[in-house]
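Participant: Hey, dropping coords18.cif in here, mmCIF, C-alpha atoms:
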data_data
#
loop_
_atom_site.label_atom_id
_atom_site.label_comp_id
_atom_site.auth_asym_id
_atom_site.auth_seq_id
_atom_site.Cartn_x
_atom_site.Cartn_y
_atom_site.Cartn_z
CA MET A 261 90.55 102.01 110.90
CA LYS A 262 87.07 101.54 109.51
CA ILE A 263 86.44 100.60 105.89
CA ILE A 264 83.14 101.92 104.57
CA LEU A 265 81.89 100.50 101.30
CA PRO A 266 79.77 102.68 98.99
CA ASP A 267 76.16 101.49 98.84
CA ALA A 268 76.49 100.42 95.19
CA VAL A 269 79.61 98.37 95.94
CA ASN A 270 77.95 96.69 98.90
CA PHE A 271 74.88 96.03 96.75
CA ILE A 272 76.99 94.20 94.15
CA ILE A 273 78.83 92.20 96.82
CA THR A 274 75.70 91.20 98.74
CA THR A 275 73.89 90.26 95.52
CA LEU A 276 76.71 87.88 94.66
CA GLN A 277 76.79 86.51 98.22
CA LYS A 278 73.03 85.89 98.28
CA ASN A 279 73.45 83.81 95.14
CA GLY A 280 76.11 81.57 96.68
CA PHE A 281 79.27 83.35 95.54
CA GLU A 282 82.13 85.02 97.39
CA ALA A 283 82.74 88.70 96.63
CA TYR A 284 85.05 91.39 98.02
CA ALA A 285 86.15 94.94 97.32
CA VAL A 286 89.79 94.52 96.41
CA GLY A 287 93.09 96.25 95.79
CA GLY A 288 93.78 99.97 95.80
CA CYS A 289 90.38 100.97 97.17
CA ILE A 290 91.07 99.01 100.35
CA ARG A 291 94.63 100.37 100.56
CA ASP A 292 93.36 103.94 100.24
CA SER A 293 90.60 103.32 102.81
CA ILE A 294 93.22 102.15 105.33
CA LEU A 295 95.19 105.34 104.56
CA ASN A 296 92.02 107.38 105.19
CA LYS A 297 92.02 108.51 101.57
CA VAL A 298 88.98 108.60 99.30
CA PRO A 299 89.37 105.79 96.73
CA LYS A 300 89.17 106.85 93.08
CA ASP A 301 87.77 103.50 91.97
CA TRP A 302 86.16 100.50 93.63
CA ASP A 303 87.05 97.12 92.13
CA ILE A 304 85.35 93.88 93.10
CA THR A 305 86.66 90.34 92.92
CA THR A 306 84.41 87.29 93.07
CA SER A 307 84.23 83.52 92.78
CA ALA A 308 81.37 83.97 90.29
CA SER A 309 82.14 83.44 86.61
CA PRO A 310 81.68 86.32 84.12
CA THR A 311 78.52 84.62 82.86
CA ASP A 312 77.15 84.43 86.41
CA VAL A 313 77.83 88.15 86.89
CA ILE A 314 76.10 89.06 83.62
CA ASN A 315 73.07 86.99 84.57
CA LEU A 316 72.77 88.50 88.05
CA PHE A 317 72.77 92.20 87.14
CA HIS A 318 70.50 94.18 84.86
CA LYS A 319 73.11 96.47 83.29
CA THR A 320 76.54 95.07 82.45
CA ILE A 321 79.30 95.58 79.90
CA PRO A 322 81.54 92.64 78.89
CA THR A 323 84.68 94.72 79.42
CA GLY A 324 87.22 91.92 79.33
CA LEU A 325 85.64 88.49 79.38
CA LYS A 326 88.94 86.86 78.39
CA HIS A 327 90.41 88.04 81.69
CA GLY A 328 87.19 87.58 83.67
CA THR A 329 86.13 91.23 83.93
CA VAL A 330 82.56 92.47 83.65
CA THR A 331 81.55 96.09 84.26
CA VAL A 332 78.41 96.36 86.37
CA ILE A 333 76.46 99.62 86.10
CA VAL A 334 74.63 100.82 89.22
CA ASP A 335 73.02 104.29 89.24
CA LYS A 336 75.05 105.23 86.14
CA PHE A 337 78.35 104.44 87.90
CA HIS A 338 80.62 101.70 86.56
CA TYR A 339 82.23 99.02 88.75
CA GLU A 340 84.62 96.36 87.48
CA VAL A 341 83.82 92.88 88.77
CA THR A 342 86.51 90.30 88.05
CA THR A 343 86.46 86.56 88.63
CA TYR A 344 89.17 85.08 90.88
CA ARG A 345 91.97 84.08 88.54
CA ILE A 346 95.45 82.65 88.18
CA ASP A 347 97.62 84.24 85.52
CA GLY A 348 99.42 82.11 82.95
CA GLU A 349 102.87 82.83 81.46
CA TYR A 350 103.91 86.44 80.77
CA THR A 351 105.95 86.12 77.58
CA ASP A 352 105.74 89.87 76.81
CA ASN A 353 106.60 91.07 80.36
CA ARG A 354 103.25 92.85 80.50
CA HIS A 355 100.15 90.66 79.99
CA PRO A 356 99.46 87.02 80.86
CA ASP A 357 99.16 84.80 77.79
CA ASN A 358 96.07 83.29 79.39
CA VAL A 359 94.22 83.19 82.68
CA LEU A 360 92.65 80.36 84.62
CA PHE A 361 89.62 81.05 86.78
CA THR A 362 89.82 79.77 90.34
CA LYS A 363 87.57 79.53 93.38
CA SER A 364 90.37 80.63 95.71
CA LEU A 365 90.63 84.21 96.89
CA TYR A 366 94.15 83.45 98.16
CA GLU A 367 95.30 82.40 94.68
CA ASP A 368 93.81 85.56 93.22
CA LEU A 369 95.56 87.82 95.74
CA GLN A 370 98.80 85.89 95.33
CA ARG A 371 99.17 87.05 91.69
CA ARG A 372 98.99 90.77 92.57
CA ASP A 373 101.92 93.16 92.48
CA PHE A 374 102.48 94.55 95.99
CA THR A 375 101.26 93.54 99.43
CA ILE A 376 99.54 96.90 99.89
CA ASN A 377 97.32 96.02 96.91
CA ALA A 378 96.70 92.38 97.86
CA LEU A 379 93.84 93.19 100.23
CA ALA A 380 90.15 92.24 100.08
CA PHE A 381 87.21 93.29 102.24
CA ASN A 382 83.51 92.82 102.72
CA TYR A 383 81.25 93.40 105.72
CA LEU A 384 80.58 89.69 106.23
CA ASP A 385 84.18 88.43 106.41
CA GLY A 386 86.10 91.60 107.23
CA LEU A 387 89.61 92.20 105.93
CA LYS A 388 91.42 89.42 104.04
CA ASP A 389 95.15 90.10 104.20
CA PRO A 390 97.22 86.95 103.58
CA PHE A 391 100.44 88.86 102.79
CA ASN A 392 100.42 91.39 105.66
CA GLY A 393 99.61 94.32 103.40
CA LYS A 394 97.95 96.27 106.19
CA THR A 395 101.14 96.09 108.26
CA ASP A 396 103.16 97.35 105.28
CA ILE A 397 100.68 100.20 104.78
CA LEU A 398 100.92 101.25 108.43
CA ASN A 399 104.73 100.98 108.31
CA GLY A 400 104.97 102.77 104.95
CA ILE A 401 106.56 99.91 102.99
CA ILE A 402 106.30 98.93 99.30
CA ARG A 403 106.94 95.18 99.11
CA CYS A 404 106.30 92.71 96.30
CA VAL A 405 103.94 89.81 96.86
CA GLY A 406 106.19 86.75 96.89
CA VAL A 407 109.46 86.80 94.89
CA PRO A 408 110.17 90.31 93.49
CA ASP A 409 112.03 89.03 90.41
CA LEU A 410 108.99 86.98 89.36
CA ARG A 411 106.59 89.88 89.87
CA PHE A 412 108.69 92.19 87.69
CA GLU A 413 109.29 89.54 85.04
CA GLU A 414 105.53 89.05 84.84
CA ASP A 415 104.81 92.73 84.35
CA ALA A 416 107.72 95.13 83.89
CA LEU A 417 105.45 98.15 84.38
CA ARG A 418 105.50 97.20 88.06
CA LEU A 419 109.05 98.60 88.17
CA LEU A 420 107.57 102.08 87.65
CA ARG A 421 104.48 101.38 89.72
CA ALA A 422 106.69 100.61 92.73
CA VAL A 423 108.37 104.00 92.36
CA ARG A 424 105.04 105.73 91.81
CA PHE A 425 103.38 104.20 94.88
CA SER A 426 106.47 105.07 96.89
CA CYS A 427 106.33 108.79 96.11
CA GLU A 428 102.51 109.01 96.06
CA HIS A 429 102.27 107.69 99.62
CA ASN A 430 105.76 108.66 100.85
CA PHE A 431 106.53 104.97 101.45
CA LYS A 432 109.93 103.28 101.35
CA ILE A 433 110.61 100.43 98.96
CA ASP A 434 111.82 97.41 100.94
CA LYS A 435 115.37 96.24 100.22
CA ALA A 436 114.52 93.01 98.39
CA THR A 437 112.08 94.83 96.11
CA PHE A 438 114.49 97.74 95.57
CA ASP A 439 117.40 95.44 94.74
CA SER A 440 115.18 93.56 92.30
CA ILE A 441 114.26 96.79 90.50
CA ILE A 442 117.97 97.54 90.00
CA LYS A 443 118.56 93.99 88.81
CA ASN A 444 115.64 94.03 86.38
CA PHE A 445 115.53 97.68 85.30
CA ARG A 446 116.09 96.87 81.62
CA LEU A 447 112.79 94.98 81.52
CA ILE A 448 111.15 98.40 81.20
CA GLU A 449 112.35 98.45 77.58
CA SER A 450 109.64 95.92 76.77
CA ILE A 451 106.87 98.29 77.91
CA SER A 452 105.08 100.65 75.51
CA ILE A 453 106.21 104.26 75.70
CA GLU A 454 102.63 105.38 76.39
CA ARG A 455 102.45 103.22 79.54
CA ILE A 456 105.81 104.55 80.70
CA ARG A 457 104.68 108.12 80.03
CA ASP A 458 101.48 107.66 82.04
CA GLU A 459 103.30 106.28 85.10
CA PHE A 460 105.98 108.98 84.78
CA SER A 461 103.27 111.65 84.70
CA LYS A 462 101.70 110.23 87.87
CA ILE A 463 105.09 110.39 89.57
CA LEU A 464 105.38 114.07 88.60
CA LEU A 465 101.93 114.77 90.04
CA SER A 466 102.70 113.24 93.44
CA GLU A 467 103.03 115.42 96.54
CA THR A 468 106.85 115.34 96.43
CA PRO A 469 107.81 114.44 92.85
CA SER A 470 111.54 114.72 93.52
CA LEU A 471 111.32 111.53 95.62
CA GLY A 472 110.11 109.63 92.58
CA ILE A 473 112.67 111.12 90.18
CA LYS A 474 115.50 110.43 92.64
CA THR A 475 114.31 106.84 93.04
CA LEU A 476 114.21 106.43 89.25
CA ASN A 477 117.81 107.65 89.20
CA ALA A 478 118.90 105.37 92.04
CA THR A 479 117.38 102.31 90.31
CA ASN A 480 118.86 103.16 86.86
CA LEU A 481 115.37 103.54 85.37
CA LEU A 482 116.00 107.23 84.68
CA LYS A 483 118.85 106.34 82.29
CA LEU A 484 116.36 104.49 80.11
CA ILE A 485 113.41 106.88 80.40
CA MET A 486 115.20 110.22 80.33
CA PRO A 487 118.98 109.83 79.87
CA GLU A 488 119.34 113.58 79.26
CA LEU A 489 118.34 114.24 82.87
CA SER A 490 120.85 111.67 84.12
CA LEU A 491 123.62 113.90 82.70
CA CYS A 492 122.57 116.60 85.19
CA VAL A 493 123.20 114.39 88.23
CA GLY A 494 126.25 115.68 90.11
CA PHE A 495 126.94 118.41 87.52
CA ASN A 496 128.66 121.17 89.51
CA GLN A 497 127.46 124.63 88.46
CA HIS A 498 130.52 126.48 89.81
CA ASN A 499 128.33 129.53 90.32
CA PRO A 500 127.98 131.76 93.42
CA HIS A 501 124.20 131.93 92.93
CA HIS A 502 123.85 128.16 93.20
CA ASN A 503 124.67 125.86 96.12
CA LYS A 504 123.27 122.73 94.40
CA ASP A 505 124.36 120.74 91.38
CA VAL A 506 122.11 120.97 88.31
CA PHE A 507 120.07 117.88 89.21
CA GLU A 508 119.48 118.88 92.84
CA HIS A 509 118.54 122.40 91.72
CA ILE A 510 115.98 120.92 89.32
CA MET A 511 114.57 118.74 92.11
CA LEU A 512 114.06 121.80 94.34
CA VAL A 513 112.34 123.69 91.54
CA LEU A 514 110.14 120.68 90.79
CA ASP A 515 108.96 120.34 94.40
CA ASN A 516 108.14 124.06 94.60
CA THR A 517 105.73 124.04 91.66
CA LYS A 518 101.99 123.54 91.85
CA LYS A 519 100.43 120.19 91.00
CA ASN A 520 100.04 120.79 87.26
CA LEU A 521 101.54 118.34 84.74
CA THR A 522 102.56 120.95 82.15
CA LEU A 523 104.18 123.10 84.82
CA ARG A 524 106.01 120.19 86.42
CA LEU A 525 107.30 118.95 83.07
CA ALA A 526 108.64 122.45 82.45
CA ALA A 527 110.24 122.51 85.91
CA LEU A 528 111.84 119.11 85.32
CA LEU A 529 113.25 120.12 81.93
CA HIS A 530 113.92 123.86 82.31
CA ASP A 531 117.67 123.43 82.94
CA ILE A 532 118.24 120.11 81.21
CA GLY A 533 120.44 121.80 78.60
CA LYS A 534 122.91 123.21 81.12
CA PRO A 535 125.53 120.44 80.77
CA LYS A 536 125.65 121.09 77.00
CA CYS A 537 126.34 124.82 77.23
CA PHE A 538 128.55 125.00 80.34
CA THR A 539 131.55 127.33 80.21
CA LEU A 540 134.05 128.32 82.89
CA ASP A 541 135.49 131.86 82.88
CA ALA A 542 138.95 132.96 83.95
CA ASN A 543 137.78 133.36 87.55
CA GLY A 544 136.46 129.81 87.72
CA ILE A 545 132.81 130.95 87.55
CA GLY A 546 130.43 128.72 85.62
CA HIS A 547 128.08 130.13 82.98
CA PHE A 548 125.27 128.61 80.95
CA TYR A 549 124.65 131.13 78.20
CA GLY A 550 121.55 130.34 76.15
CA HIS A 551 120.70 127.29 78.23
CA ASN A 552 116.98 128.09 78.04
CA LYS A 553 117.07 127.69 74.24
CA ILE A 554 119.10 124.47 74.44
CA SER A 555 116.79 123.15 77.15
CA PHE A 556 113.80 124.00 74.96
CA GLN A 557 115.23 121.96 72.06
CA ILE A 558 116.10 118.97 74.27
CA SER A 559 112.71 119.07 76.04
CA LYS A 560 110.90 118.98 72.72
CA GLU A 561 112.83 115.84 71.71
CA ILE A 562 112.12 114.18 75.06
CA LEU A 563 108.41 114.96 75.10
CA LYS A 564 107.96 113.81 71.52
CA ARG A 565 109.79 110.59 72.36
CA LEU A 566 107.46 110.03 75.31
CA ARG A 567 104.51 110.85 73.03
CA TYR A 568 103.02 113.72 74.97
CA ASP A 569 100.37 115.64 73.05
CA ASN A 570 101.32 118.66 70.93
CA TYR A 571 99.59 121.16 73.22
CA THR A 572 101.63 119.97 76.21
CA ILE A 573 104.86 119.98 74.19
CA ASP A 574 104.23 123.52 72.91
CA THR A 575 103.23 124.92 76.30
CA VAL A 576 106.19 123.32 78.11
CA GLY A 577 108.42 124.77 75.39
CA ILE A 578 107.06 128.28 75.94
CA LEU A 579 107.65 128.06 79.71
CA ILE A 580 111.20 126.78 79.27
CA LYS A 581 112.18 129.36 76.63
CA GLU A 582 110.82 132.21 78.73
CA HIS A 583 112.06 131.18 82.17
CA MET A 584 115.06 133.54 81.85
CA VAL A 585 112.84 136.54 81.07
CA LEU A 586 114.00 138.45 84.15
CA ALA A 587 117.66 138.35 83.07
CA ASN A 588 117.28 141.74 81.31
CA LYS A 589 115.15 144.81 81.92
CA MET A 590 112.39 145.26 79.36
CA LYS A 591 110.61 148.30 78.00
CA GLU A 592 106.82 148.27 77.93
CA ALA A 593 106.70 147.36 74.23
CA SER A 594 108.95 144.35 74.93
CA ILE A 595 106.72 143.27 77.80
CA LYS A 596 103.73 143.38 75.46
CA LYS A 597 105.60 141.19 72.96
CA PHE A 598 106.40 138.84 75.83
CA ILE A 599 102.70 138.59 76.77
CA SER A 600 101.88 137.83 73.15
CA ARG A 601 104.53 135.08 72.98
CA VAL A 602 103.53 133.42 76.24
CA GLY A 603 99.75 133.87 76.11
CA THR A 604 97.74 135.23 79.01
CA SER A 605 96.54 131.76 80.03
CA ASN A 606 100.15 130.60 80.52
CA LEU A 607 101.27 133.57 82.61
CA PRO A 608 100.29 132.02 86.00
CA LEU A 609 102.26 128.88 85.12
CA LEU A 610 105.31 130.90 84.15
CA PHE A 611 105.15 133.02 87.31
CA ASN A 612 105.03 129.84 89.40
CA LEU A 613 108.04 128.47 87.50
CA LEU A 614 109.97 131.73 88.02
CA GLU A 615 109.24 131.65 91.75
CA ALA A 616 110.16 127.98 92.05
CA ASP A 617 113.36 128.56 90.06
CA LEU A 618 114.36 131.33 92.44
CA LEU A 619 113.71 129.08 95.44
CA GLY A 620 116.11 126.59 93.86
CA HIS A 621 118.94 129.17 94.00
CA LYS A 622 121.22 129.87 96.91
CA PRO A 623 119.49 131.95 99.64
CA PRO A 624 118.53 134.72 100.26
CA HIS A 625 115.67 134.79 97.79
CA ASP A 626 114.63 138.21 96.48
CA PHE A 627 111.22 138.12 94.77
CA SER A 628 111.11 141.86 94.01
CA LYS A 629 111.89 141.45 90.29
CA ILE A 630 109.13 138.88 89.89
CA ASP A 631 106.67 141.05 91.82
CA TYR A 632 107.54 144.13 89.73
CA PHE A 633 107.16 142.10 86.52
CA LYS A 634 103.76 140.81 87.63
CA THR A 635 102.61 144.33 88.42
CA SER A 636 103.80 145.68 85.06
CA ILE A 637 101.97 142.94 83.18
CA SER A 638 98.82 143.41 85.26
CA GLU A 639 98.79 147.15 84.48
CA ILE A 640 99.17 146.50 80.74
CA LEU A 641 96.38 143.94 80.75
CA ASP A 642 94.10 146.26 82.74
CA ARG A 643 94.52 148.97 80.08
CA LYS A 644 93.31 146.45 77.48
CA GLU A 645 95.89 147.70 74.99
CA PRO A 646 96.73 145.50 71.98
CA PHE A 647 99.72 143.19 72.29
CA SER A 648 99.07 140.51 69.66
CA LEU A 649 98.23 140.25 65.96
CA ASN A 650 94.62 139.23 66.56
CA GLN A 651 94.09 142.49 68.49
CA LEU A 652 95.08 144.72 65.55
CA ALA A 653 92.30 146.74 63.94
CA ILE A 654 93.20 145.22 60.56
CA ASN A 655 93.97 141.71 59.36
CA GLY A 656 95.35 139.85 56.35
CA SER A 657 92.17 140.26 54.35
CA ASP A 658 92.41 144.04 54.71
CA LEU A 659 95.95 143.97 53.31
CA ILE A 660 94.87 141.81 50.36
CA ASN A 661 92.07 144.30 49.62
CA LEU A 662 94.71 147.02 49.53
CA GLY A 663 96.64 145.14 46.87
CA TYR A 664 99.02 142.92 48.83
CA ILE A 665 99.61 139.44 47.37
CA LYS A 666 98.76 136.41 49.51
CA GLY A 667 101.84 134.88 51.10
CA PRO A 668 104.45 135.33 53.86
CA LYS A 669 104.66 139.06 53.11
CA ILE A 670 101.24 139.53 54.78
CA GLY A 671 102.46 138.20 58.12
CA PHE A 672 105.68 140.18 57.88
CA ILE A 673 103.82 143.47 57.32
CA LEU A 674 101.31 142.76 60.11
CA ASN A 675 104.17 142.14 62.54
CA GLU A 676 105.81 145.41 61.50
CA ILE A 677 102.53 147.21 62.12
CA LEU A 678 102.15 145.46 65.48
CA ASP A 679 105.58 146.77 66.52
CA LEU A 680 104.38 150.31 65.81
CA VAL A 681 101.17 149.75 67.78
CA LEU A 682 103.08 148.33 70.74
CA GLU A 683 105.02 151.58 70.91
CA ASN A 684 101.94 153.74 70.29
CA PRO A 685 98.59 152.05 71.08
CA SER A 686 96.64 155.06 69.76
CA LEU A 687 97.55 153.97 66.23
CA ASN A 688 95.30 150.92 66.52
CA THR A 689 92.38 152.14 64.44
CA LYS A 690 91.42 150.71 61.07
CA GLU A 691 91.85 154.03 59.32
CA LYS A 692 95.33 154.73 60.71
CA LEU A 693 96.60 151.19 60.15
CA LEU A 694 95.30 151.05 56.59
CA GLU A 695 97.12 154.29 55.88
CA ILE A 696 100.35 152.83 57.30
CA ALA A 697 99.85 149.69 55.22
CA LYS A 698 99.24 151.76 52.04
CA ASN A 699 102.49 153.63 52.59
CA LYS A 700 104.35 150.34 53.07
CA LEU A 701 102.81 148.96 49.87
#
For this file, produce the structure as structure tokens.
Facilitator:
Amino acid sequence: MKIILPDAVNFIITTLQKNGFEAYAVGGCIRDSILNKVPKDWDITTSASPTDVINLFHKTIPTGLKHGTVTVIVDKFHYEVTTYRIDGEYTDNRHPDNVLFTKSLYEDLQRRDFTINALAFNYLDGLKDPFNGKTDILNGIIRCVGVPDLRFEEDALRLLRAVRFSCEHNFKIDKATFDSIIKNFRLIESISIERIRDEFSKILLSETPSLGIKTLNATNLLKLIMPELSLCVGFNQHNPHHNKDVFEHIMLVLDNTKKNLTLRLAALLHDIGKPKCFTLDANGIGHFYGHNKISFQISKEILKRLRYDNYTIDTVGILIKEHMVLANKMKEASIKKFISRVGTSNLPLLFNLLEADLLGHKPPHDFSKIDYFKTSISEILDRKEPFSLNQLAINGSDLINLGYIKGPKIGFILNEILDLVLENPSLNTKEKLLEIAKNKL
């Protein structure tokens, strides 16, 4: 293992050292360096006060003076430099009420969440690792610094961060830390929904997201974040095409999707409505008629509750509603309507979801329907034939000029005309469509 500091980071550290202060790169950047990963950010901790830091560097931003943080700008890149500190009481289970600056690196590292993040390094002193974080990294262990209950009471978001680090790095959570998460899981209720959403999204974007979701379930956190998904755990599908319960099927689908947040949210929620629409026929076979529509409705409620943006909510909804598209054969006109509903930019996401969904079924897996569907769509797109309202040769203004009154009737007529064009693309000229519209008027 060799930790290599970027030139700008080393410049900041050596500048502080030359002026009589201690300074180290600290936290996740050192963890990632030990894991041979490229750090996303480089944070620096120092014995210098915020005022000292501001005085020593030409370009700085007083990012968070109250908590000892100054952003130093070197070659247009930003680096957070924070004074060694001891945190005061955490009455809101998230932020310290106050901080006390200290001259002790040990005291600063002692307040951090997990041993794998309580690491500091510079070229002069080497690695500072008072809590054996390097050993935990090499052994793949997530362990709290000190007493787990205290760490989680200080900042309840650490409950989710433990799960996130576990699935991001494929590490195991040590027993004392795991037991403490179960004991303190309700502390997450004190955290803002936006913070929860952000950590949850990072879990979904890990290499094997099912590990994170299963850990959330095992620690009871899933019941608070997404209780609707908890209902799927152990839900027997009683169906010859499935050899997994609903939850385990969803986990397989999730792991077989590409690393795209919208796609993975759709994978996670695509069957979440199954428990609500389960029926058992006379032969003991389970059915879930209309589960895509129920799942769409539930997913919309969940994503709004977690305050995802409208674009994400709408796109996830499209993917979930359309994931049963292969259940029935479609004529070409119906395929064109499908393309219009989904949008060409969402087709690759939907195809990935369809493939992942199939892989979540009982083997063998026959991809011929998906391949045929892809080919059919590709041929339609290559012909550049109209399949949506904005591709018609006329629009609402043309109808108004003909004598139609502004209102819902305009959209209704345009959709009727689109249906005709889908069946016969040669009709899509302004002259022909205006004639059809005149006759309808």
Participant: At a cut-off of 9 Å, using only C-alpha atoms, what residues contact range 539-545 of chain A? Leave out same-chain residues fewer than 5 positions from it and give the result as an MDAnalysis selection string.
Facilitator: chainID A and resid 497:500
Participant: For CA of Leu525 in chain A and CA of Val576 in chain A, determine how far apart the two atoms are, in Å to one decimal place.
Facilitator: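 Interatomic distance here is 6.7 Å.
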Participant: Quick one: apply the PyMOL selection byres ((chain A and resi 407) around 12) to the file and drop the selected residues here as a PyMOL selection string.
Facilitator: chain A and resi 370-375+403-406+408-414+436-437+439-441
Participant: Emit the selected residues as a PDB file, in the frame of the given file, including C-alpha atoms.
Facilitator:
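Saved the output as again_30.pdb:
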ATOM      1  CA  GLN A 370      98.800  85.890  95.330  1.00  0.00           C
ATOM      2  CA  ARG A 371      99.170  87.050  91.690  1.00  0.00           C
ATOM      3  CA  ARG A 372      98.990  90.770  92.570  1.00  0.00           C
ATOM      4  CA  ASP A 373     101.920  93.160  92.480  1.00  0.00           C
ATOM      5  CA  PHE A 374     102.480  94.550  95.990  1.00  0.00           C
ATOM      6  CA  THR A 375     101.260  93.540  99.430  1.00  0.00           C
ATOM      7  CA  ARG A 403     106.940  95.180  99.110  1.00  0.00           C
ATOM      8  CA  CYS A 404     106.300  92.710  96.300  1.00  0.00           C
ATOM      9  CA  VAL A 405     103.940  89.810  96.860  1.00  0.00           C
ATOM     10  CA  GLY A 406     106.190  86.750  96.890  1.00  0.00           C
ATOM     11  CA  PRO A 408     110.170  90.310  93.490  1.00  0.00           C
ATOM     12  CA  ASP A 409     112.030  89.030  90.410  1.00  0.00           C
ATOM     13  CA  LEU A 410     108.990  86.980  89.360  1.00  0.00           C
ATOM     14  CA  ARG A 411     106.590  89.880  89.870  1.00  0.00           C
ATOM     15  CA  PHE A 412     108.690  92.190  87.690  1.00  0.00           C
ATOM     16  CA  GLU A 413     109.290  89.540  85.040  1.00  0.00           C
ATOM     17  CA  GLU A 414     105.530  89.050  84.840  1.00  0.00           C
ATOM     18  CA  ALA A 436     114.520  93.010  98.390  1.00  0.00           C
ATOM     19  CA  THR A 437     112.080  94.830  96.110  1.00  0.00           C
ATOM     20  CA  ASP A 439     117.400  95.440  94.740  1.00  0.00           C
ATOM     21  CA  SER A 440     115.180  93.560  92.300  1.00  0.00           C
ATOM     22  CA  ILE A 441     114.260  96.790  90.500  1.00  0.00           C
TER      23      ILE A 441
END
Participant: As a VMD selection string, please: the residues near Asn612 in chain A (cut-off 9 Å, all atoms listed in the file, same-chain neighbours under 5 positions excluded).
Facilitator: chain A and resid 516 to 518 523 607 617
Participant: One decimal, in Å: what's the spacing between CA of Asp642 in chain A and CA of Asn588 in chain A?
Facilitator: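 Computing the Euclidean distance for CA of Asp642 in chain A and CA of Asn588 in chain A yields 23.7 Å.
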Participant: Please provide as a PDB file with C-alpha atoms, in the frame of the given file all residues within 8 Å of range 274-276 of chain A, with the sequence filter that same-chain residues fewer than 3 positions apart are discarded (counting all atoms listed in the file).
Facilitator:
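What ended up in part_5.pdb:
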ATOM      1  CA  ASN A 270      77.950  96.690  98.900  1.00  0.00           C
ATOM      2  CA  PHE A 271      74.880  96.030  96.750  1.00  0.00           C
ATOM      3  CA  ASN A 279      73.450  83.810  95.140  1.00  0.00           C
ATOM      4  CA  GLY A 280      76.110  81.570  96.680  1.00  0.00           C
ATOM      5  CA  PHE A 281      79.270  83.350  95.540  1.00  0.00           C
ATOM      6  CA  GLU A 282      82.130  85.020  97.390  1.00  0.00           C
ATOM      7  CA  ALA A 283      82.740  88.700  96.630  1.00  0.00           C
ATOM      8  CA  THR A 306      84.410  87.290  93.070  1.00  0.00           C
ATOM      9  CA  ALA A 308      81.370  83.970  90.290  1.00  0.00           C
ATOM     10  CA  VAL A 313      77.830  88.150  86.890  1.00  0.00           C
ATOM     11  CA  LEU A 316      72.770  88.500  88.050  1.00  0.00           C
TER      12      LEU A 316
END
Participant: Evaluate the PyMOL selection byres ((chain A and resi 321-330) around 6) and record the selected residues as a PyMOL selection string, following the chain and residue labels used in the document.
Facilitator: chain A and resi 310+320+331+340-343
Participant: Kindly indicate which residue among A:Leu512, A:Asn444, A:Phe438, A:Asn503 lies nearest to Pro624 in chain A, using only C-alpha atoms for the distances.
Facilitator: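 When distances to Pro624 in chain A are compared using only C-alpha atoms, the smallest one comes from A:Asn503.
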Participant: Quick check, in Å to one decimal: how far apart do CA of Asn661 in chain A and CA of Ala697 in chain A lie?
Facilitator: 11.0 Å
Participant: For Leu619 in chain A, which residue out of A:Asp415, A:Glu349, A:Asp515, A:Glu459 is the nearest one, using only C-alpha atoms?
Facilitator: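 With only C-alpha atoms as the atom set, the closest residue is A:Asp515.
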Participant: Residues near Glu367 in chain A, anyone? I mean within 8 Å using only C-alpha atoms, not counting same-chain ones fewer than 3 positions away, as a PyMOL selection string.
Facilitator: chain A and resi 344-346+362+364+370-371
Participant: Tell me which residues the PyMOL selection byres ((chain A and resi 389) around 7) grabs here, as a ChimeraX atom specification.
Facilitator: /A:378-380,387-388,390-393
Participant: Taking all atoms listed in the file into account, name the residue in A:Thr635, A:Thr468, A:Ser594, A:Ser555 that is nearest to Asp679 in chain A.
Facilitator: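 Of A:Thr635, A:Thr468, A:Ser594, A:Ser555, the one nearest Asp679 in chain A is A:Ser594, counting all atoms listed in the file.
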Participant: Quick one: of A:Ser638, A:Leu566, A:His621, A:Val298, who's nearest to Lys504 in chain A, counting all atoms listed in the file?
Facilitator: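 Among the listed residues, the smallest separation from Lys504 in chain A belongs to A:His621.
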Participant: Report as a list in words all protein, DNA and RNA residues lying within 9 Å of His530 in chain A, evaluated on all atoms listed in the file, omitting residues in the same chain fewer than 3 positions from it.
Facilitator: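 Contacts, in chain order: Ile510, Leu525, Ala526, Ala527, Gly533, His551, Asn552, Ser555, Phe556, Ser559, Val576, Gly577, Leu579, Ile580, Lys581 and His583 of chain A.
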Participant: Put those residues in a file: C-alpha atoms, as an mmCIF file, in the coordinates of the input.
Facilitator:
data_model
loop_
_atom_site.group_PDB
_atom_site.id
_atom_site.type_symbol
_atom_site.label_atom_id
_atom_site.label_comp_id
_atom_site.auth_asym_id
_atom_site.auth_seq_id
_atom_site.Cartn_x
_atom_site.Cartn_y
_atom_site.Cartn_z
ATOM 1 C CA ILE A 510 115.980 120.920 89.320
ATOM 2 C CA LEU A 525 107.300 118.950 83.070
ATOM 3 C CA ALA A 526 108.640 122.450 82.450
ATOM 4 C CA ALA A 527 110.240 122.510 85.910
ATOM 5 C CA GLY A 533 120.440 121.800 78.600
ATOM 6 C CA HIS A 551 120.700 127.290 78.230
ATOM 7 C CA ASN A 552 116.980 128.090 78.040
ATOM 8 C CA SER A 555 116.790 123.150 77.150
ATOM 9 C CA PHE A 556 113.800 124.000 74.960
ATOM 10 C CA SER A 559 112.710 119.070 76.040
ATOM 11 C CA VAL A 576 106.190 123.320 78.110
ATOM 12 C CA GLY A 577 108.420 124.770 75.390
ATOM 13 C CA LEU A 579 107.650 128.060 79.710
ATOM 14 C CA ILE A 580 111.200 126.780 79.270
ATOM 15 C CA LYS A 581 112.180 129.360 76.630
ATOM 16 C CA HIS A 583 112.060 131.180 82.170
#
